[in-house]
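Take a look at the structure set out below.
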Amino acid sequence: MTKIIKLPVRGMTCSNCARTVKNVIKSYEDVKFVDVDLASELLIVEFEKNFNFKKAKQELSSIGYEILTKNVEIYIPMFDKNLENYLINESSILSYYYDFESKVLKLEISPLKDINDILRDIRELGYKAHLLSEGKSAFDIEYEERKKELNDIKRRALFSSILSIPLLLHEFSMPLHPIIQLILTIPIQFYFGLYFIKNAIKSLKAKNLDMNVLISLGTLSAFFGSFLHFINPQTFHHVYFATSGIIISVILIGKFFEERAKFKVFENLRNLYVQKPKKVIILDNNKEVEIDISDLKEGDIFIVKEGFLVPADGVIIEGEGYVDESAFSGEFKPVKKSKNDEVFQGTILKEGYLKVKALRVGSNTLFNEILKISRYAQREKSVLESLADRVSAIFTPTVVIFSIIVFIFWFIKANFEIALLKLISVLVIACPCAIGIAIPLVIAVSINKALKNGIIIKNSASLERANKIDIIIFDKTGTLTEGKLTLKSNIPYEHLIYLASIEKLNEHPISKAILNNYNGEFYEVKEFEYIRGEGIRGIVNNRKVIVGNRKLFEREHLNVNFDIGYYIEGYGAFELVFEDVIKENAKKLIDILKKKNYKIIVLSGDSYENVKKVCNELGIEEFYSNLSPFDKLKFVENLKEKGHKVLYIGDGINDAIVLSKADLSIAVSNALDIVKESGDIILIKSDIDGILKAFEISKIASSKMRWNLFWTFFYNIVLIPFAGFYISFHPIYSAFAMALSDIFVVSNAIYNWKIKL
């Protein structure tokens, strides 16, 4: 299938220009027809879907011709094959990309096409679509949509409950004429309860039987079945309009509590998002000018005044002050910041005045990365959640079949009226909604609890493994110690020049320790090479230089009697001695974990003496030194083969390979490295207390997920047969039982998150 599109072209001045543009486009595969109208400056192209328009546009731009297109963003909560087919076939759309994390559809379209026409088409296909204009984000729109839905359910629950009060009194021996019951039930069934019927129709169209199908089948059976009483009172002795109305009202109340819980979880993330400022003051020719945040560019100098939000990540070039970083660090005490310190978007300058050079703006900031990671983590599927999904997929059809069996049983044993009541009881009491929210709600709440404590849950699927952990492995440097090495060796100045020259190309703590002792010119470095877990080497001022551990020296066929050192061609090999400071609360952390009967092990690339000294002070008996990341990986894999469940805590970058293989991993982070971090859980601040908080949150989440899943399975296994075969069990009891199940699961997910440190 081909598409034809018209696009404005700028830069053409004569017929030769038009011919050039035409020939460039024509040279691409999958182009069926090209025409260029010089007078109207229009390019007309007929092409197939594989036409590389982006490359063609760049090629024309390089020779002075600009094809004009328009980029737009649309918030669409759902993306499927039908929508994709529309995007492929719509001639005015050149390219599209759907971001499943933010639910934003990014389009490149012809500027001759009115975006409102595309929006109308998408909405007519049945999708909710909102154009993201200036000042409005996907977060804002999703928040408005969720709030609108919550208020709608709240209104339905409230008014249907008011109408149900006389119906409920009727069930408790206050006579109510059948016609009055009918009048009260009609708005409940077909207006307030239309929520379930509409969703049931959607589910049936998608060939997916869910809670809405069960509720609709049950209540509509009660409603229309009641008309049989008017037809033949001898066969159907009573009307059950009250049953239908009460069931819908009670389930709407339960649904309201469920939706409110999910909304509150989302609202916490949204409240974090609204910390982002909309305007920013920049310096333009030494004058303060206010611009939209979207116009801020990397390298701009912006001003932060007392009480203002920091608009982007940057480095302070002038001024000082106290910055509240609690929005994402969990630290409520303002942090003093001065020249050369970094500040982050979303934090607040409580006191002072800052001039800041923007380093990361827009979607590249730490703040946005935290939001993106947290949103994505909520959409991941854990093993338990996948199990719940599989159960839900077969649950509703099974319940429907079982309800038919129950109906036949009671029809044979008793009569049609009792059989219908038992069928309704089974359909209503079944609770796939509780199965559906049992795990996702716990994950969402745990992510929010973690964020408030300066912790990012990057891989929610790992949370359920926290309760099985029996061995905790620590990296030493930067985890149990500050990671700020102090050089203790007395290095001759002529050696230091060589070491500083090569180390300035590296980011290891050893590099920083050496550079802190040098303040001078650098030699040229050639053939620089970083060998993971071993060290660095290169040619400095025409001399071979090596800095690293014993393994690197062995690789270079140099026999040494030290763990860490350096070699400079012409001078020889020498030992390097460093000192690191143990973190303030490290001893307390280790003592707490030992009391909880976890086995503690330290794996380090540092020298034996340094590792031994730290472990002796902390009371850790088992430790290993001079290990590369691959040695650590092998160690962890051996433990897992023996059946152990391992939590690894280390540097998110240097220990990435090990973190990815542990059952649960915590990366003690430098905030700037969050995007690069491996690890299931990341500490925004390198705070030792955060390790225990992160682990405890994981354990609580794991426990709640398992308890919720057990409850929903136990509830359905016990009560569905009970509702089907216990003669006195009325459908109204089923409604209350279903609502209570929802409320129980929601309450367990939300409350009692006390972190025991």
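Each chain in the structure tokens gets a letter, A, B, ..., in the order shown, and its residues are numbered from 1; ligands are numbered from 1 in order too.
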
Q.
Need the shell around Met705 of chain A: protein/DNA/RNA residues with any atom at most 7 Å away, counting only C-alpha atoms. Skip same-chain ones fewer than 4 positions apart. Format as a ChimeraX atom specification?
A. /A:438-439,442,701,709

Selection from above, N, CA and C atoms, as a short mmCIF file (atom, residue, chain, number, x, y, z; two decimals), in the first residue's frame, can you write it?
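Result file follows (result-v2.cif):
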data_model
loop_
_atom_site.label_atom_id
_atom_site.label_comp_id
_atom_site.auth_asym_id
_atom_site.auth_seq_id
_atom_site.Cartn_x
_atom_site.Cartn_y
_atom_site.Cartn_z
N ALA A 438 -4.50 -7.11 43.23
CA ALA A 438 -3.78 -7.62 44.40
C ALA A 438 -2.29 -7.28 44.36
N ILE A 439 -1.67 -7.45 43.19
CA ILE A 439 -0.23 -7.23 43.06
C ILE A 439 0.10 -5.82 42.57
N VAL A 442 0.06 -3.04 45.28
CA VAL A 442 1.18 -3.13 46.23
C VAL A 442 2.45 -2.57 45.60
N ALA A 701 6.68 -5.20 50.79
CA ALA A 701 5.96 -5.34 49.52
C ALA A 701 5.79 -6.82 49.16
N LEU A 709 -2.51 -12.14 47.27
CA LEU A 709 -2.79 -13.20 46.31
C LEU A 709 -3.42 -14.41 47.01
#

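With only C-alpha atoms as the atoms that count, the minimum distance from Ala723 of chain A to the choices A:Ile456, A:Leu427, A:Ile592, A:Ile700 is reached by A:Leu427.
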
Write out as a short mmCIF file (atom, residue, chain, number, x, y, z; two decimals) with N, CA and C atoms, in the first residue's frame the residues lying within 9 Å of segment 282-298 of chain A, counting only C-alpha atoms and excluding same-chain residues fewer than 3 positions away.
data_model
loop_
_atom_site.label_atom_id
_atom_site.label_comp_id
_atom_site.auth_asym_id
_atom_site.auth_seq_id
_atom_site.Cartn_x
_atom_site.Cartn_y
_atom_site.Cartn_z
N GLU A 134 1.45 23.64 25.02
CA GLU A 134 2.41 24.24 25.95
C GLU A 134 1.83 24.33 27.35
N GLY A 135 2.66 23.97 28.32
CA GLY A 135 2.22 24.07 29.70
C GLY A 135 1.40 22.90 30.18
N PRO A 277 9.07 23.67 37.68
CA PRO A 277 8.64 25.05 37.40
C PRO A 277 8.22 25.23 35.95
N LYS A 278 7.40 26.25 35.71
CA LYS A 278 6.92 26.52 34.35
C LYS A 278 7.74 27.65 33.68
N LYS A 279 8.32 28.53 34.51
CA LYS A 279 9.11 29.65 34.00
C LYS A 279 10.52 29.60 34.59
N ILE A 301 22.73 30.23 31.34
CA ILE A 301 22.93 30.60 32.75
C ILE A 301 21.58 31.04 33.31
N PHE A 302 21.10 30.36 34.35
CA PHE A 302 19.82 30.75 34.94
C PHE A 302 19.99 31.14 36.41
N ILE A 303 19.03 31.92 36.86
CA ILE A 303 19.05 32.47 38.22
C ILE A 303 18.04 31.72 39.09
N PRO A 311 15.03 25.00 37.99
CA PRO A 311 14.34 24.59 36.76
C PRO A 311 15.03 23.50 35.94
N ALA A 312 16.32 23.24 36.23
CA ALA A 312 17.06 22.24 35.45
C ALA A 312 18.25 21.77 36.27
N GLY A 314 22.09 21.52 36.95
CA GLY A 314 23.19 22.39 36.56
C GLY A 314 24.25 22.49 37.63
N LYS A 355 23.59 31.49 40.75
CA LYS A 355 23.69 31.53 39.29
C LYS A 355 24.16 30.15 38.87
N LYS A 357 24.76 27.16 35.70
CA LYS A 357 24.90 26.80 34.29
C LYS A 357 24.13 25.51 34.05
N ALA A 358 23.19 25.54 33.11
CA ALA A 358 22.34 24.37 32.84
C ALA A 358 23.17 23.25 32.19
N LEU A 359 23.09 22.05 32.80
CA LEU A 359 23.79 20.88 32.26
C LEU A 359 22.83 19.92 31.57
N ARG A 360 21.65 19.74 32.19
CA ARG A 360 20.64 18.84 31.61
C ARG A 360 19.29 19.52 31.72
N VAL A 361 18.56 19.59 30.62
CA VAL A 361 17.27 20.27 30.60
C VAL A 361 16.21 19.32 30.04
N GLY A 362 14.95 19.73 30.19
CA GLY A 362 13.84 18.96 29.61
C GLY A 362 13.77 17.56 30.17
#

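Minimum atom-to-atom distances from A:Ala739, A:Thr396, A:Tyr65, A:Asn453 to Ala200 of chain A were compared using only C-alpha atoms, and the lowest value belongs to A:Thr396.
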
Q | DSSP helix (DSSP H, G or I) residues within segment 511-711 of chain A, listed as number ranges by chain | A | A: 511-515, 550-555, 586-595, 608-618, 629-641, 656-659, 671-673, 688-711

Q: Counting only C-alpha atoms, figure out which residue out of A:Asp470, A:Glu503, A:Asp563, A:Asp140 gets nearest to Asn549 of chain A.
A: A:Asp563

Q) Of the candidates A:Asp663, A:Asp300, A:Glu507, A:Asp80, which one gets nearest to His644 of chain A if we count only C-alpha atoms? A) A:Asp663

Q: Can you work out which one of A:Leu150, A:Val746, A:Leu119, A:Ile536 has the shortest atom-to-atom distance to His508 of chain A, counting only C-alpha atoms?
A: A:Ile536

Based on the backbone DSSP call, show me all residues of segment 486-594 of chain A assigned strand (DSSP E), as a short mmCIF file (atom, residue, chain, number, x, y, z; two decimals) with N, CA and C atoms, in the first residue's frame.
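So the final result, stored in out-v7.cif, reads:
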data_model
loop_
_atom_site.label_atom_id
_atom_site.label_comp_id
_atom_site.auth_asym_id
_atom_site.auth_seq_id
_atom_site.Cartn_x
_atom_site.Cartn_y
_atom_site.Cartn_z
N THR A 486 42.01 8.42 50.16
CA THR A 486 43.10 9.35 50.46
C THR A 486 44.41 8.64 50.17
N LEU A 487 45.25 9.25 49.35
CA LEU A 487 46.53 8.66 48.99
C LEU A 487 47.51 8.76 50.15
N VAL A 525 48.66 11.71 26.47
CA VAL A 525 48.44 10.29 26.68
C VAL A 525 47.99 9.64 25.37
N LYS A 526 48.62 8.52 25.02
CA LYS A 526 48.24 7.77 23.83
C LYS A 526 47.90 6.33 24.22
N GLU A 527 47.11 5.69 23.39
CA GLU A 527 46.75 4.28 23.56
C GLU A 527 46.20 3.98 24.95
N PHE A 528 45.37 4.90 25.45
CA PHE A 528 44.77 4.69 26.78
C PHE A 528 43.80 3.50 26.73
N GLU A 529 43.85 2.67 27.78
CA GLU A 529 42.97 1.50 27.83
C GLU A 529 42.52 1.27 29.28
N TYR A 530 41.22 1.10 29.44
CA TYR A 530 40.66 0.77 30.75
C TYR A 530 40.29 -0.71 30.74
N ILE A 531 40.81 -1.47 31.70
CA ILE A 531 40.53 -2.90 31.80
C ILE A 531 39.67 -3.11 33.04
N GLY A 535 42.47 -2.22 36.05
CA GLY A 535 43.16 -0.94 36.09
C GLY A 535 43.23 -0.29 34.73
N ILE A 536 44.26 0.58 34.53
CA ILE A 536 44.41 1.31 33.27
C ILE A 536 45.87 1.23 32.81
N ARG A 537 46.04 1.46 31.50
CA ARG A 537 47.39 1.51 30.95
C ARG A 537 47.39 2.41 29.73
N GLY A 538 48.58 2.87 29.35
CA GLY A 538 48.70 3.74 28.19
C GLY A 538 50.13 4.21 28.03
N ILE A 539 50.35 5.03 27.00
CA ILE A 539 51.66 5.62 26.74
C ILE A 539 51.59 7.09 27.13
N VAL A 540 52.38 7.47 28.12
CA VAL A 540 52.40 8.85 28.63
C VAL A 540 53.78 9.44 28.39
N ARG A 543 56.38 7.04 27.50
CA ARG A 543 56.70 5.98 28.45
C ARG A 543 55.44 5.15 28.72
N LYS A 544 55.59 3.83 28.83
CA LYS A 544 54.47 2.97 29.17
C LYS A 544 54.14 3.14 30.65
N VAL A 545 52.84 3.37 30.94
CA VAL A 545 52.40 3.57 32.33
C VAL A 545 51.26 2.60 32.63
N ILE A 546 51.33 1.95 33.79
CA ILE A 546 50.30 1.03 34.24
C ILE A 546 49.91 1.41 35.66
N VAL A 547 48.58 1.46 35.91
CA VAL A 547 48.08 1.66 37.28
C VAL A 547 46.97 0.65 37.50
N GLY A 548 47.12 -0.21 38.52
CA GLY A 548 46.08 -1.20 38.74
C GLY A 548 46.44 -2.21 39.80
N ASN A 549 45.71 -3.33 39.78
CA ASN A 549 45.94 -4.36 40.80
C ASN A 549 46.89 -5.44 40.28
N ILE A 564 48.03 -3.30 44.93
CA ILE A 564 47.72 -2.18 44.04
C ILE A 564 48.97 -1.33 43.89
N GLY A 565 49.25 -0.92 42.65
CA GLY A 565 50.44 -0.11 42.45
C GLY A 565 50.49 0.48 41.06
N TYR A 566 51.68 0.99 40.71
CA TYR A 566 51.85 1.58 39.38
C TYR A 566 53.22 1.21 38.82
N TYR A 567 53.30 1.28 37.49
CA TYR A 567 54.56 1.03 36.80
C TYR A 567 54.75 2.14 35.79
N ILE A 568 55.97 2.73 35.78
CA ILE A 568 56.34 3.73 34.79
C ILE A 568 57.63 3.26 34.13
N GLY A 572 60.24 1.95 37.03
CA GLY A 572 59.98 0.71 37.73
C GLY A 572 58.55 0.63 38.27
N ALA A 573 58.31 -0.40 39.13
CA ALA A 573 56.98 -0.65 39.71
C ALA A 573 56.99 -0.30 41.20
N PHE A 574 55.86 0.32 41.67
CA PHE A 574 55.80 0.79 43.06
C PHE A 574 54.40 0.56 43.62
N GLU A 575 54.34 0.37 44.92
CA GLU A 575 53.06 0.13 45.59
C GLU A 575 52.31 1.45 45.82
N PHE A 578 46.21 3.43 49.89
CA PHE A 578 45.12 4.39 50.06
C PHE A 578 44.39 4.11 51.37
N GLU A 579 43.70 5.12 51.84
CA GLU A 579 42.87 4.95 53.03
C GLU A 579 41.46 5.44 52.71
#

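When only C-alpha atoms are used to measure the gap to Met78 of chain A, the shortest distance among A:Lys54, A:Lys458, A:Arg123, A:Lys113 belongs to A:Arg123.
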
Q: List the neighbours of segment 29-32 of chain A out to 6 Å using only C-alpha atoms; skip same-chain residues closer than 2 positions along the sequence, and give me the result as a PyMOL selection string.
A: chain A and resi 46-48+51

Ala735 of chain A: which residues within 7 Å, counting only C-alpha atoms, same-chain residues fewer than 6 positions away excluded, as a PDB file with C-alpha atoms, in the first residue's frame?
ATOM      1  CA  ILE A 247     -25.725  -5.519  44.373  1.00  0.00           C
ATOM      2  CA  VAL A 250     -22.523  -2.239  47.118  1.00  0.00           C
ATOM      3  CA  ILE A 251     -20.087  -3.134  44.330  1.00  0.00           C
ATOM      4  CA  VAL A 428     -21.712 -11.783  41.816  1.00  0.00           C
ATOM      5  CA  ILE A 429     -19.491 -13.255  44.529  1.00  0.00           C
TER       6      ILE A 429
END

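Interatomic distance, atom CA of Phe344 of chain A to atom CA of Val72 of chain A: 27.9 Å.
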
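Picture a line from atom CA of Ile473 of chain A to atom CA of Ser698 of chain A; it runs 16.5 Å.
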
Q: Find the spatial neighbours of Gly254 of chain A, counting only C-alpha atoms, within a cut-off of 12 Å - ignore same-chain residues fewer than 6 positions away - and output them as a PyMOL selection string.
A: chain A and resi 153-154+156-158+161+247-248+260-261+431+433-434+735-747

Kindly export the residues of the current selection with C-alpha atoms, as a tab-separated table (two decimals), in the first residue's frame.
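The resulting part_25.tsv:
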chain	number	residue	atom	x	y	z
A	153	ILE	CA	-17.61	6.43	40.33
A	154	LYS	CA	-18.00	8.38	43.57
A	156	ARG	CA	-22.56	6.75	41.00
A	157	ALA	CA	-21.83	5.02	44.31
A	158	LEU	CA	-23.37	7.85	46.35
A	161	SER	CA	-26.70	3.98	47.56
A	247	ILE	CA	-25.72	-5.52	44.37
A	248	ILE	CA	-24.80	-2.66	42.02
A	260	ARG	CA	-9.48	5.99	45.12
A	261	ALA	CA	-6.51	3.90	46.29
A	431	CYS	CA	-14.01	-11.45	42.44
A	433	CYS	CA	-11.13	-7.52	40.29
A	434	ALA	CA	-9.41	-8.37	43.58
A	735	ALA	CA	-22.38	-8.43	46.76
A	736	PHE	CA	-21.26	-7.53	50.28
A	737	ALA	CA	-18.69	-10.33	50.27
A	738	MET	CA	-17.27	-9.17	46.92
A	739	ALA	CA	-17.06	-5.52	48.03
A	740	LEU	CA	-15.39	-6.53	51.31
A	741	SER	CA	-12.84	-8.58	49.39
A	742	ASP	CA	-11.96	-5.52	47.31
A	743	ILE	CA	-11.70	-3.32	50.39
A	744	PHE	CA	-9.56	-5.90	52.20
A	745	VAL	CA	-7.05	-6.15	49.33
A	746	VAL	CA	-6.90	-2.36	48.92
A	747	SER	CA	-6.45	-1.78	52.66

9 Å contact set for Tyr75 of chain A, only C-alpha atoms, chain neighbours under 2 positions out, as a compact mmCIF listing (two decimals) with N, CA and C atoms, in the first residue's frame:
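The file below, selection_19.txt, is the result:
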# COMPACT_ATOMS: atom_id res chain seq x y z
N GLU A 73 2.60 16.05 19.65
CA GLU A 73 2.50 14.99 20.65
C GLU A 73 1.06 14.88 21.13
N PRO A 77 -4.18 7.06 26.13
CA PRO A 77 -3.97 6.03 27.16
C PRO A 77 -3.79 4.62 26.63
N SER A 102 5.07 6.92 28.91
CA SER A 102 4.35 8.17 29.13
C SER A 102 2.98 8.19 28.46
N LYS A 103 2.68 7.16 27.63
CA LYS A 103 1.43 7.08 26.87
C LYS A 103 1.27 8.25 25.90
N VAL A 104 2.40 8.68 25.33
CA VAL A 104 2.41 9.81 24.41
C VAL A 104 2.73 9.32 23.00
N LEU A 105 1.89 9.71 22.05
CA LEU A 105 2.09 9.40 20.63
C LEU A 105 2.77 10.60 19.97
N LYS A 106 3.96 10.37 19.41
CA LYS A 106 4.71 11.45 18.76
C LYS A 106 4.58 11.29 17.25
N LYS A 128 -9.39 7.83 23.46
CA LYS A 128 -9.28 9.14 24.08
C LYS A 128 -7.97 9.76 23.60
N ALA A 129 -8.03 10.98 23.11
CA ALA A 129 -6.83 11.63 22.57
C ALA A 129 -6.82 13.09 22.98
N HIS A 130 -5.66 13.55 23.49
CA HIS A 130 -5.51 14.94 23.92
C HIS A 130 -4.20 15.48 23.36
N LEU A 131 -4.29 16.61 22.68
CA LEU A 131 -3.09 17.26 22.15
C LEU A 131 -2.31 17.88 23.30
N LEU A 132 -1.01 17.58 23.35
CA LEU A 132 -0.17 18.15 24.41
C LEU A 132 0.29 19.53 23.97
N SER A 137 1.18 18.64 30.24
CA SER A 137 1.94 17.42 30.00
C SER A 137 1.01 16.21 30.02
N ALA A 138 1.59 15.06 29.66
CA ALA A 138 0.84 13.80 29.73
C ALA A 138 0.42 13.53 31.17
N ILE A 141 -2.74 15.56 31.95
CA ILE A 141 -3.94 15.02 31.30
C ILE A 141 -4.37 13.72 31.96
N GLU A 142 -3.38 12.84 32.24
CA GLU A 142 -3.72 11.57 32.88
C GLU A 142 -4.32 11.82 34.26
